[in-house]
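K.L.:
The structure file upload_23.cif (mmCIF, C-alpha atoms) is provided below.
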```
data_data
#
loop_
_atom_site.label_atom_id
_atom_site.label_comp_id
_atom_site.auth_asym_id
_atom_site.auth_seq_id
_atom_site.Cartn_x
_atom_site.Cartn_y
_atom_site.Cartn_z
CA MET A 1 -36.16 -26.90 28.14
CA ILE A 2 -39.32 -28.99 28.05
CA LYS A 3 -37.29 -32.03 27.02
CA HIS A 4 -34.96 -31.60 29.98
CA THR A 5 -37.84 -31.31 32.45
CA PHE A 6 -39.34 -34.53 31.12
CA LEU A 7 -36.06 -36.43 31.35
CA ARG A 8 -35.49 -35.32 34.93
CA ALA A 9 -39.00 -36.41 35.89
CA ARG A 10 -38.57 -39.77 34.15
CA ARG A 11 -35.38 -40.50 36.08
CA ALA A 12 -37.20 -39.80 39.35
CA LEU A 13 -39.85 -42.41 38.61
CA SER A 14 -39.66 -46.19 38.88
CA PRO A 15 -40.78 -47.47 35.48
CA GLY A 16 -41.96 -50.99 34.76
CA LEU A 17 -40.04 -51.45 31.53
CA ARG A 18 -38.41 -54.13 29.46
CA PHE A 19 -35.11 -53.26 27.84
CA PHE A 20 -33.78 -54.63 24.56
CA SER A 21 -30.06 -54.78 23.97
CA GLY A 22 -28.20 -57.02 21.57
CA GLY A 23 -31.30 -59.07 20.80
CA GLU A 24 -32.36 -59.67 24.41
CA ILE A 25 -35.38 -58.32 26.31
CA ILE A 26 -35.13 -58.28 30.09
CA GLY A 27 -37.26 -57.14 33.01
CA ASP A 28 -40.96 -56.59 33.68
CA VAL A 29 -43.56 -54.49 31.94
CA SER A 30 -47.11 -53.52 32.77
CA GLU A 31 -49.55 -54.83 30.20
CA TRP A 32 -50.97 -52.28 27.81
CA ALA A 33 -52.79 -53.58 24.77
CA GLY A 34 -52.73 -51.14 21.89
CA SER A 35 -56.23 -50.23 20.77
CA PRO A 36 -56.82 -50.87 17.06
CA HIS A 37 -57.56 -47.22 16.30
CA LEU A 38 -54.18 -46.30 17.84
CA THR A 39 -52.15 -48.94 15.98
CA LYS A 40 -53.50 -48.83 12.41
CA GLN A 41 -51.81 -45.53 11.55
CA ALA A 42 -48.44 -43.90 12.13
CA SER A 43 -46.32 -41.01 10.93
CA LEU A 44 -42.84 -41.63 9.56
CA TYR A 45 -39.64 -39.76 10.43
CA VAL A 46 -36.58 -40.31 8.20
CA HIS A 47 -33.18 -39.10 9.45
CA TRP A 48 -30.45 -38.01 7.01
CA PRO A 49 -27.39 -37.78 9.30
CA TYR A 50 -24.92 -35.90 7.13
CA CYS A 51 -23.94 -32.22 7.17
CA LEU A 52 -21.21 -30.31 5.36
CA ARG A 53 -20.20 -28.66 8.65
CA ARG A 54 -21.22 -28.69 12.31
CA CYS A 55 -22.94 -25.58 13.66
CA SER A 56 -21.37 -24.14 16.83
CA TYR A 57 -24.50 -24.73 18.95
CA CYS A 58 -25.56 -28.14 17.61
CA ASN A 59 -25.37 -31.46 19.45
CA PHE A 60 -27.78 -33.31 17.15
CA ASN A 61 -26.88 -36.67 15.67
CA LYS A 62 -25.05 -35.49 12.57
CA TYR A 63 -21.81 -36.38 10.83
CA ILE A 64 -19.46 -34.91 8.24
CA PRO A 65 -19.23 -37.62 5.54
CA ARG A 66 -15.75 -38.92 4.71
CA GLU A 67 -16.87 -40.01 1.27
CA ASN A 68 -19.96 -39.90 -0.92
CA ASN A 69 -22.03 -42.94 0.02
CA ASP A 70 -25.43 -41.57 -0.96
CA HIS A 71 -26.39 -44.76 -2.78
CA ILE A 72 -25.57 -46.94 0.26
CA MET A 73 -27.46 -44.63 2.60
CA THR A 74 -30.44 -44.61 0.21
CA ASP A 75 -30.50 -48.41 0.01
CA CYS A 76 -30.34 -48.75 3.81
CA LEU A 77 -33.00 -46.11 4.48
CA GLN A 78 -35.24 -47.90 2.00
CA ARG A 79 -34.60 -51.30 3.59
CA GLU A 80 -35.14 -50.11 7.16
CA THR A 81 -38.34 -48.35 6.12
CA ASP A 82 -39.57 -51.60 4.61
CA THR A 83 -38.60 -53.63 7.70
CA LEU A 84 -40.17 -51.32 10.28
CA LEU A 85 -43.37 -50.87 8.29
CA GLN A 86 -43.76 -54.64 8.24
CA LEU A 87 -42.98 -54.84 11.95
CA SER A 88 -45.54 -52.17 12.84
CA GLN A 89 -48.28 -53.64 10.62
CA VAL A 90 -49.75 -50.16 10.13
CA SER A 91 -52.08 -49.79 7.17
CA CYS A 92 -51.58 -46.03 6.66
CA ILE A 93 -48.75 -43.51 6.98
CA THR A 94 -50.36 -40.14 7.70
CA SER A 95 -47.28 -37.92 7.23
CA VAL A 96 -43.57 -38.14 6.43
CA PHE A 97 -40.82 -35.86 7.74
CA PHE A 98 -37.27 -35.84 6.37
CA GLY A 99 -35.00 -34.37 9.04
CA GLY A 100 -31.34 -34.36 9.97
CA GLY A 101 -28.56 -33.53 9.74
CA THR A 102 -29.12 -31.77 6.46
CA PRO A 103 -31.65 -33.75 4.41
CA SER A 104 -31.45 -31.17 1.63
CA LEU A 105 -28.03 -32.72 0.89
CA ALA A 106 -29.81 -35.94 -0.11
CA ARG A 107 -30.58 -36.49 -3.74
CA PRO A 108 -34.21 -35.98 -4.75
CA SER A 109 -34.12 -39.55 -6.05
CA THR A 110 -33.46 -40.72 -2.46
CA ILE A 111 -36.62 -38.97 -1.28
CA ALA A 112 -38.61 -40.47 -4.16
CA THR A 113 -37.28 -43.97 -3.43
CA ILE A 114 -38.32 -43.86 0.22
CA LEU A 115 -41.79 -42.50 -0.59
CA GLU A 116 -42.23 -45.22 -3.23
CA THR A 117 -41.27 -47.84 -0.62
CA VAL A 118 -43.92 -46.49 1.73
CA SER A 119 -46.58 -46.43 -0.98
CA ARG A 120 -45.85 -50.04 -1.98
CA GLN A 121 -46.34 -51.29 1.58
CA VAL A 122 -49.12 -49.13 2.99
CA ASN A 123 -51.53 -46.38 2.09
CA LEU A 124 -49.84 -42.99 1.75
CA PRO A 125 -52.76 -40.66 0.98
CA ASP A 126 -52.34 -38.09 -1.77
CA GLU A 127 -53.01 -35.35 0.78
CA ALA A 128 -50.46 -36.67 3.30
CA GLU A 129 -48.03 -34.02 4.48
CA VAL A 130 -44.46 -34.73 3.28
CA THR A 131 -41.98 -32.28 4.81
CA LEU A 132 -38.29 -31.77 4.05
CA GLU A 133 -35.95 -29.69 6.20
CA VAL A 134 -33.94 -27.32 4.02
CA ASN A 135 -30.68 -25.52 4.67
CA PRO A 136 -31.15 -22.20 2.81
CA THR A 137 -27.97 -22.30 0.75
CA PRO A 138 -27.84 -21.92 -3.05
CA VAL A 139 -27.36 -25.70 -3.34
CA GLY A 140 -30.42 -26.38 -1.17
CA MET A 141 -32.55 -23.86 -3.05
CA SER A 142 -31.51 -25.25 -6.44
CA LYS A 143 -33.04 -28.64 -5.61
CA LEU A 144 -36.41 -27.50 -4.25
CA GLU A 145 -38.30 -28.08 -7.49
CA ASP A 146 -36.83 -31.57 -7.85
CA TYR A 147 -37.84 -32.37 -4.27
CA CYS A 148 -41.39 -31.38 -5.13
CA SER A 149 -41.30 -33.69 -8.14
CA ALA A 150 -40.09 -36.46 -5.81
CA GLY A 151 -43.17 -36.05 -3.60
CA VAL A 152 -42.32 -33.34 -1.06
CA ASN A 153 -45.20 -30.90 -0.50
CA ARG A 154 -43.96 -28.88 2.48
CA PHE A 155 -40.62 -27.27 3.35
CA SER A 156 -39.18 -26.38 6.75
CA ILE A 157 -36.42 -23.83 6.25
CA GLY A 158 -33.69 -23.42 8.86
CA VAL A 159 -33.31 -19.64 8.69
CA GLN A 160 -32.27 -19.30 12.40
CA SER A 161 -31.27 -15.64 11.96
CA LEU A 162 -31.42 -12.77 9.50
CA GLN A 163 -28.27 -11.23 10.95
CA ASP A 164 -25.18 -12.28 9.00
CA ASN A 165 -22.82 -11.77 11.94
CA ASP A 166 -25.00 -14.01 14.11
CA LEU A 167 -25.09 -16.66 11.40
CA LYS A 168 -21.29 -16.73 11.44
CA ILE A 169 -21.21 -17.10 15.25
CA LEU A 170 -23.71 -19.95 14.97
CA GLY A 171 -21.56 -21.63 12.33
CA ARG A 172 -24.26 -21.53 9.68
CA ASP A 173 -23.19 -21.74 6.03
CA HIS A 174 -25.82 -19.43 4.55
CA SER A 175 -26.43 -15.67 4.51
CA SER A 176 -29.60 -13.74 5.33
CA HIS A 177 -30.01 -12.89 1.63
CA GLN A 178 -29.82 -16.58 0.69
CA ALA A 179 -32.37 -17.41 3.37
CA LEU A 180 -34.86 -14.87 2.04
CA LYS A 181 -34.37 -16.09 -1.55
CA THR A 182 -34.92 -19.70 -0.44
CA ILE A 183 -38.15 -18.72 1.35
CA GLU A 184 -39.33 -16.96 -1.82
CA GLU A 185 -38.60 -19.97 -4.04
CA ALA A 186 -40.18 -22.43 -1.57
CA GLN A 187 -43.35 -20.32 -1.43
CA ARG A 188 -43.53 -20.30 -5.22
CA LEU A 189 -43.42 -24.10 -5.25
CA CYS A 190 -45.51 -24.85 -2.13
CA PRO A 191 -47.63 -21.78 -1.36
CA GLY A 192 -49.06 -21.94 2.15
CA ARG A 193 -46.86 -24.91 3.08
CA VAL A 194 -43.55 -23.35 4.02
CA SER A 195 -42.32 -23.12 7.59
CA VAL A 196 -39.37 -21.10 8.85
CA ASP A 197 -37.28 -21.83 11.95
CA VAL A 198 -35.84 -18.85 13.81
CA MET A 199 -33.79 -18.76 16.99
CA PHE A 200 -33.75 -16.23 19.82
CA GLY A 201 -31.49 -15.82 22.83
CA ARG A 202 -28.48 -15.65 20.52
CA PRO A 203 -25.14 -14.11 21.53
CA ARG A 204 -25.28 -10.32 21.92
CA GLN A 205 -28.93 -10.25 20.86
CA SER A 206 -31.13 -7.53 22.37
CA ILE A 207 -34.90 -7.34 22.69
CA GLU A 208 -34.99 -4.42 20.24
CA SER A 209 -32.86 -6.18 17.60
CA TRP A 210 -34.99 -9.32 18.01
CA GLU A 211 -38.23 -7.39 17.44
CA ASN A 212 -36.83 -5.74 14.31
CA GLU A 213 -35.53 -9.04 12.96
CA LEU A 214 -38.84 -10.82 13.58
CA SER A 215 -40.73 -8.05 11.78
CA GLU A 216 -38.44 -8.41 8.77
CA LEU A 217 -38.91 -12.18 8.76
CA LEU A 218 -42.70 -11.89 8.94
CA ARG A 219 -42.71 -9.65 5.87
CA ALA A 220 -41.07 -12.47 3.91
CA CYS A 221 -42.34 -15.69 5.44
CA ASP A 222 -45.27 -17.90 4.58
CA ASP A 223 -47.94 -19.14 7.02
CA HIS A 224 -45.88 -21.06 9.60
CA VAL A 225 -43.17 -19.98 12.05
CA SER A 226 -41.27 -22.06 14.61
CA LEU A 227 -39.46 -20.20 17.41
CA TYR A 228 -36.64 -21.82 19.34
CA GLN A 229 -34.62 -20.48 22.22
CA LEU A 230 -30.90 -21.10 21.82
CA THR A 231 -29.82 -23.77 24.30
CA LEU A 232 -26.17 -24.09 25.29
CA GLU A 233 -25.42 -27.78 24.97
CA ARG A 234 -22.40 -29.18 26.77
CA GLY A 235 -19.67 -30.28 24.38
CA THR A 236 -20.51 -27.79 21.63
CA GLN A 237 -18.17 -25.06 20.44
CA LEU A 238 -20.57 -22.30 21.54
CA PHE A 239 -20.86 -23.79 25.04
CA LYS A 240 -17.07 -23.64 25.40
CA GLN A 241 -16.96 -20.06 24.10
CA VAL A 242 -19.54 -18.93 26.65
CA GLN A 243 -17.83 -20.84 29.48
CA GLN A 244 -14.51 -19.18 28.63
CA GLY A 245 -16.09 -15.73 28.45
CA GLU A 246 -15.42 -15.27 24.75
CA VAL A 247 -19.13 -14.93 23.97
CA THR A 248 -22.07 -13.73 26.08
CA VAL A 249 -25.72 -14.70 25.73
CA PRO A 250 -28.79 -12.83 27.03
CA ALA A 251 -29.88 -13.43 30.62
CA ASP A 252 -32.92 -15.61 31.34
CA ASP A 253 -35.20 -12.63 32.03
CA VAL A 254 -34.23 -11.12 28.68
CA THR A 255 -34.93 -14.33 26.74
CA ALA A 256 -38.26 -14.64 28.56
CA GLU A 257 -39.17 -11.14 27.39
CA MET A 258 -38.04 -12.02 23.84
CA TYR A 259 -40.46 -14.95 23.88
CA ARG A 260 -43.31 -12.74 25.15
CA CYS A 261 -42.57 -10.11 22.50
CA ALA A 262 -42.53 -12.73 19.75
CA ARG A 263 -45.87 -14.18 20.86
CA ARG A 264 -47.48 -10.72 20.85
CA THR A 265 -45.98 -9.79 17.47
CA LEU A 266 -47.05 -13.04 15.82
CA HIS A 267 -50.55 -12.72 17.26
CA HIS A 268 -50.89 -9.20 15.86
CA ARG A 269 -49.77 -10.48 12.43
CA GLY A 270 -52.53 -13.10 12.37
CA PHE A 271 -50.54 -16.11 13.55
CA LEU A 272 -52.24 -18.36 16.07
CA GLN A 273 -50.02 -20.14 18.54
CA TYR A 274 -50.92 -23.82 18.60
CA GLU A 275 -47.90 -25.18 20.49
CA VAL A 276 -45.13 -23.84 22.72
CA SER A 277 -42.83 -23.10 19.77
CA ASN A 278 -45.17 -23.13 16.77
CA PHE A 279 -47.41 -20.52 15.17
CA ALA A 280 -49.61 -20.72 12.07
CA ARG A 281 -52.12 -18.69 10.11
CA ASN A 282 -54.63 -19.88 7.52
CA ASN A 283 -54.71 -23.21 9.38
CA ALA A 284 -51.20 -24.09 8.16
CA VAL A 285 -50.33 -26.21 11.21
CA GLY A 286 -47.62 -28.86 10.92
CA HIS A 287 -49.56 -32.12 10.92
CA HIS A 288 -46.50 -34.33 11.40
CA ASN A 289 -45.48 -32.73 14.69
CA MET A 290 -49.10 -32.68 15.80
CA SER A 291 -49.02 -36.46 15.67
CA TYR A 292 -46.21 -36.43 18.24
CA TRP A 293 -48.03 -34.03 20.56
CA LYS A 294 -51.25 -36.01 20.31
CA GLY A 295 -49.53 -39.24 21.36
CA ARG A 296 -49.95 -41.06 18.06
CA GLN A 297 -47.64 -43.73 16.73
CA TYR A 298 -44.56 -42.77 14.75
CA ILE A 299 -41.83 -44.81 13.10
CA GLY A 300 -38.25 -43.56 13.12
CA VAL A 301 -35.93 -44.58 10.29
CA GLY A 302 -32.23 -43.76 9.94
CA PRO A 303 -29.24 -43.33 12.27
CA GLY A 304 -30.31 -42.18 15.72
CA ALA A 305 -34.01 -41.92 14.81
CA HIS A 306 -36.62 -42.46 17.53
CA GLY A 307 -39.98 -44.19 17.20
CA ARG A 308 -43.07 -45.08 19.23
CA PHE A 309 -45.20 -47.96 17.97
CA VAL A 310 -46.57 -51.40 18.79
CA PRO A 311 -44.59 -54.13 16.94
CA LEU A 312 -47.65 -56.12 15.90
CA GLY A 313 -45.61 -57.98 13.28
CA GLU A 314 -43.80 -59.94 15.98
CA GLY A 315 -46.86 -60.38 18.20
CA GLY A 316 -46.32 -57.29 20.33
CA VAL A 317 -49.23 -55.68 22.19
CA VAL A 318 -47.32 -52.91 24.01
CA ARG A 319 -46.12 -49.64 22.54
CA GLU A 320 -42.35 -49.45 22.42
CA ALA A 321 -39.92 -46.54 22.54
CA ARG A 322 -37.33 -47.44 19.92
CA THR A 323 -33.95 -45.86 19.11
CA GLN A 324 -31.86 -46.63 16.06
CA THR A 325 -28.06 -46.94 16.21
CA LEU A 326 -26.46 -43.49 16.21
CA GLU A 327 -23.26 -43.84 14.15
CA PRO A 328 -24.07 -44.04 10.42
CA ASP A 329 -21.38 -46.58 9.47
CA VAL A 330 -22.42 -48.95 12.28
CA TRP A 331 -26.10 -48.40 11.45
CA ILE A 332 -25.43 -49.23 7.79
CA ARG A 333 -23.77 -52.54 8.74
CA GLU A 334 -26.66 -53.49 11.00
CA VAL A 335 -29.27 -52.69 8.35
CA GLN A 336 -27.35 -54.70 5.77
CA GLN A 337 -27.09 -57.65 8.17
CA ARG A 338 -30.60 -57.76 9.66
CA GLY A 339 -32.79 -55.24 7.88
CA HIS A 340 -32.85 -52.60 10.59
CA GLY A 341 -30.55 -50.78 12.99
CA THR A 342 -32.68 -50.76 16.13
CA ARG A 343 -30.27 -50.45 19.04
CA ARG A 344 -32.69 -50.06 21.95
CA ARG A 345 -36.31 -50.97 22.64
CA ILE A 346 -38.22 -50.01 25.77
CA GLN A 347 -41.71 -51.33 26.32
CA LEU A 348 -43.81 -48.55 27.82
CA GLY A 349 -45.86 -49.38 30.89
CA HIS A 350 -49.11 -47.60 31.66
CA LEU A 351 -47.45 -44.87 33.73
CA GLU A 352 -44.73 -44.23 31.17
CA LEU A 353 -47.25 -43.99 28.35
CA LEU A 354 -49.40 -41.51 30.28
CA GLU A 355 -46.31 -39.44 31.13
CA GLU A 356 -45.59 -39.04 27.44
CA VAL A 357 -49.22 -38.24 26.63
CA LEU A 358 -49.20 -35.60 29.39
CA VAL A 359 -45.86 -33.97 28.58
CA MET A 360 -46.45 -33.85 24.84
CA GLY A 361 -50.12 -32.90 25.04
CA MET A 362 -49.54 -29.99 27.39
CA ARG A 363 -47.25 -28.40 24.80
CA MET A 364 -50.34 -27.62 22.70
CA THR A 365 -52.44 -24.55 23.42
CA GLU A 366 -55.53 -26.77 23.25
CA GLY A 367 -53.98 -29.09 25.82
CA ILE A 368 -55.48 -32.52 26.41
CA ASN A 369 -59.20 -33.03 25.99
CA HIS A 370 -61.12 -35.62 27.98
CA LYS A 371 -61.77 -37.92 25.03
CA HIS A 372 -58.08 -38.00 24.10
CA TRP A 373 -57.01 -38.78 27.68
CA GLU A 374 -59.61 -41.54 27.90
CA LEU A 375 -58.00 -43.34 24.94
CA PHE A 376 -54.95 -43.96 27.11
CA SER A 377 -56.50 -43.86 30.59
CA PRO A 378 -60.04 -45.27 30.49
CA GLN A 379 -60.15 -45.88 34.26
CA LEU A 380 -58.86 -42.55 35.56
CA CYS A 381 -60.18 -39.33 34.04
CA LEU A 382 -58.39 -35.98 34.10
CA HIS A 383 -60.47 -34.68 37.01
CA GLU A 384 -59.67 -37.79 39.09
CA VAL A 385 -55.95 -37.50 38.43
CA PHE A 386 -55.42 -33.75 38.73
CA GLY A 387 -58.57 -32.24 40.23
CA THR A 388 -57.85 -33.02 43.91
CA SER A 389 -54.15 -32.14 44.12
CA THR A 390 -53.19 -29.20 46.35
CA ASP A 391 -50.30 -28.23 44.05
CA VAL A 392 -52.44 -28.45 40.93
CA ARG A 393 -55.26 -26.49 42.60
CA GLU A 394 -52.76 -23.71 43.28
CA LEU A 395 -51.84 -23.62 39.57
CA LEU A 396 -55.55 -23.52 38.70
CA GLN A 397 -56.27 -20.73 41.19
CA ASN A 398 -53.39 -18.52 40.03
CA GLY A 399 -54.61 -18.85 36.43
CA GLN A 400 -51.65 -20.75 34.96
CA LEU A 401 -53.60 -23.96 34.43
CA ILE A 402 -57.18 -24.68 33.30
CA LEU A 403 -59.15 -27.86 34.02
CA ASP A 404 -62.74 -27.72 32.78
CA ASP A 405 -65.25 -29.48 30.54
CA ARG A 406 -62.86 -29.17 27.58
CA GLY A 407 -59.93 -30.82 29.34
CA LEU A 408 -56.57 -29.80 30.83
CA ARG A 409 -54.46 -27.01 29.32
CA CYS A 410 -52.22 -24.09 30.13
CA SER A 411 -53.45 -20.54 30.04
CA TRP A 412 -51.73 -18.00 27.79
CA ASP A 413 -49.41 -17.01 30.63
CA GLY A 414 -49.05 -20.58 31.87
CA LEU A 415 -47.77 -21.92 28.55
CA ALA A 416 -44.65 -19.75 28.90
CA LEU A 417 -44.07 -21.41 32.30
CA LEU A 418 -44.69 -24.99 31.19
CA ASP A 419 -41.29 -26.16 32.46
CA SER A 420 -42.26 -25.19 36.01
CA ILE A 421 -45.79 -26.61 35.72
CA LEU A 422 -44.97 -30.06 34.38
CA PRO A 423 -43.15 -31.45 37.46
CA ALA A 424 -46.23 -30.96 39.66
CA LEU A 425 -48.45 -32.67 37.06
CA LEU A 426 -46.02 -35.57 36.64
CA VAL A 427 -45.76 -36.15 40.40
CA GLU A 428 -49.55 -36.13 40.73
CA LEU A 429 -49.93 -38.54 37.82
CA GLU A 430 -47.43 -40.95 39.35
CA THR A 431 -49.17 -40.77 42.72
CA LYS A 432 -52.61 -41.51 41.29
CA ILE A 433 -51.42 -44.35 39.02
CA LEU A 434 -49.50 -46.07 41.82
CA GLN A 435 -52.51 -45.73 44.14
CA LYS A 436 -54.86 -47.31 41.59
CA PRO A 437 -53.99 -51.00 42.29
CA GLN A 438 -54.51 -50.37 46.03
CA ARG A 439 -57.97 -48.92 45.39
CA ASP A 440 -58.79 -51.88 43.14
CA GLN A 441 -57.68 -54.27 45.87
CA SER A 442 -59.85 -52.63 48.51
CA GLY A 443 -62.87 -52.51 46.21
CA ASN A 444 -62.61 -55.78 44.31
CA GLY A 445 -60.44 -58.00 46.48
CA GLN A 446 -57.73 -58.10 43.80
CA THR A 447 -55.15 -55.95 42.15
CA GLN A 448 -54.81 -55.25 38.46
CA LYS A 449 -53.10 -58.06 36.63
CA THR A 450 -49.70 -57.36 35.12
CA SER A 451 -47.93 -59.44 32.53
CA ASN A 452 -44.45 -60.86 33.12
CA SER A 453 -44.38 -62.87 29.92
#
```
Have the structure of the file written as structure tokens, please.
P.N.:
Amino acid sequence: MIKHTFLRARRALSPGLRFFSGGEIIGDVSEWAGSPHLTKQASLYVHWPYCLRRCSYCNFNKYIPRENNDHIMTDCLQRETDTLLQLSQVSCITSVFFGGGTPSLARPSTIATILETVSRQVNLPDEAEVTLEVNPTPVGMSKLEDYCSAGVNRFSIGVQSLQDNDLKILGRDHSSHQALKTIEEAQRLCPGRVSVDVMFGRPRQSIESWENELSELLRACDDHVSLYQLTLERGTQLFKQVQQGEVTVPADDVTAEMYRCARRTLHHRGFLQYEVSNFARNNAVGHHNMSYWKGRQYIGVGPGAHGRFVPLGEGGVVREARTQTLEPDVWIREVQQRGHGTRRRIQLGHLELLEEVLVMGMRMTEGINHKHWELFSPQLCLHEVFGTSTDVRELLQNGQLILDDRGLRCSWDGLALLDSILPALLVELETKILQKPQRDQSGNGQTQKTSNS
């Protein structure tokens, strides 16, 4: 939901971007020089695109392999990691996340190879968080210890449901018993560093059944829980089933109440909410995802992976939004030919960068503090951008939004309504940024300089 709000807002704006396609960069971009403290570090996301089957609700970039090409995929992931690390010129990788697809189908030796590649090029601290997404099947569980030996120190387990009938509707290939056994084994290997994903708003789910299921999960889980509302994505099997009336899903008011119930239950069990969908106790927050929400650099490796970094290795000074080629076979050919499979590069102008900082930062319960905002907007503080807006003042007065000495953030009630709050903030941000050159012209006799080189 948050993602969709952001995309709609982005389409409504008029970005100053340069697009890369087939080796060519075209168009204009506003100059934004990456500060050294923002460009020396990055997190790393590695995408394993293969699954044994496609879940009924899933529209992620995943493929059913026609043949076993693990060794080719490993070689290409290693090579692209090497290429993009050199391009970014970062000196430290702060965290690594292996996602998919189903990365627990990858051999532990693949994980070890990629981590060794990172360590050869840059500093990968001993305490760096290295997370692997796990499908809780017997095959996935049997490899957990080997993954730990390869360098993984945190697991994210895709439980999704503890109701076997629901798992079948969702097209999952595990049972609730297998999920609970996988959680138990993961906790034995990485105590305090196991996260579980669970989904609400599922077909035929009621508030009562959701509360009972969540209570059962919390008796078994570790110190981190991620909640996701089921989204019907066009083109998926579940979307078609709902459209044809074969399956029904809870109404919006019911899913809203499920979210409220989950927040209350988790709070009572000692979990602190630190982001829209994420809850932790004993300070077991997911550091990799925090780097996204705090607007830090990240490098995306693998088919369809996304990244945000300044390509200092080729003389770049502007942060780029980068997307790798989606289809694995095409991506493999591109990596073999030129060392990487980057399909699209967009240089982020000042407005676009601040939009991302705003949208991602407001997902956190702590919001955006003044010092963090100043890193990206040294000339316009939070009060100047949002403090004078009529629409924003209304959100402040009704208690959904807070702007004070700490920064800008949603209230407890406001966080559940973030989708409806963000458009007003994005419009106000655009207005203030586009007005800034005019104010500079009236005060200094000149506008801000932009680069067309």
K.L.:
Taking the file as shown, what set of residues would the PyMOL selection byres ((chain A and resi 181-187) around 7) give back, as JSON, numbers by chain?
P.N.:
{"A": [136, 141, 144, 155, 177, 178, 179, 180, 188, 189, 190, 191, 192, 194, 221, 222]}
K.L.:
I'd like the residues picked by the PyMOL selection byres ((chain A and resi 358) around 9) written out as a PDB file with C-alpha atoms, in the coordinates of the input, using the chain letters and numbers from the file.
P.N.:
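Below is the file that was written, result-v1.pdb:
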```pdb
ATOM      1  CA  GLY A 295     -49.530 -39.240  21.360  1.00  0.00           C
ATOM      2  CA  LEU A 353     -47.250 -43.990  28.350  1.00  0.00           C
ATOM      3  CA  LEU A 354     -49.400 -41.510  30.280  1.00  0.00           C
ATOM      4  CA  GLU A 355     -46.310 -39.440  31.130  1.00  0.00           C
ATOM      5  CA  GLU A 356     -45.590 -39.040  27.440  1.00  0.00           C
ATOM      6  CA  VAL A 357     -49.220 -38.240  26.630  1.00  0.00           C
ATOM      7  CA  VAL A 359     -45.860 -33.970  28.580  1.00  0.00           C
ATOM      8  CA  MET A 360     -46.450 -33.850  24.840  1.00  0.00           C
ATOM      9  CA  GLY A 361     -50.120 -32.900  25.040  1.00  0.00           C
ATOM     10  CA  MET A 362     -49.540 -29.990  27.390  1.00  0.00           C
ATOM     11  CA  ARG A 363     -47.250 -28.400  24.800  1.00  0.00           C
ATOM     12  CA  GLY A 367     -53.980 -29.090  25.820  1.00  0.00           C
ATOM     13  CA  ILE A 368     -55.480 -32.520  26.410  1.00  0.00           C
ATOM     14  CA  TRP A 373     -57.010 -38.780  27.680  1.00  0.00           C
ATOM     15  CA  LEU A 422     -44.970 -30.060  34.380  1.00  0.00           C
ATOM     16  CA  LEU A 425     -48.450 -32.670  37.060  1.00  0.00           C
ATOM     17  CA  LEU A 426     -46.020 -35.570  36.640  1.00  0.00           C
ATOM     18  CA  LEU A 429     -49.930 -38.540  37.820  1.00  0.00           C
TER      19      LEU A 429
END
```
K.L.:
Could you tell me which of A:Ala284, A:Leu77, A:Leu87, A:Leu227 comes closest to Glu314 of chain A if we count all atoms listed in the file?
P.N.:
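Nearest candidate to Glu314 of chain A out of A:Ala284, A:Leu77, A:Leu87, A:Leu227: A:Leu87.
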K.L.:
Expressed in Å to a single decimal, how great is the separation between atom CA of Phe97 of chain A and atom CA of Ser226 of chain A?
P.N.:
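Between atom CA of Phe97 of chain A and atom CA of Ser226 of chain A the gap works out to 15.4 Å.
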K.L.:
Using the chain letters and numbering of this document, enumerate as a VMD selection string the residues selected by the PyMOL selection byres ((chain A and resi 43-47) around 9).
P.N.:
chain A and resid 41 to 42 48 to 49 77 81 92 to 103 114 288 291 to 292 296 to 307
K.L.:
Neighbouring residues of Leu162 of chain A were defined as those with any atom within 7 Å, considering all atoms listed in the file; residues of the same chain fewer than 2 positions away were excluded. Please report them as a PyMOL selection string.
P.N.:
chain A and resi 164+176+213
K.L.:
Nearest residue to Met364 of chain A out of A:Leu408, A:Val134, A:Ile346, A:Leu380, using all atoms listed in the file?
P.N.:
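Using all atoms listed in the file, the shortest distance to Met364 of chain A belongs to A:Leu408.
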K.L.:
With all atoms listed in the file as the basis for distance, which of A:His350, A:His224, A:His383, A:Val247 is at the shortest distance from Arg406 of chain A?
P.N.:
A:His383
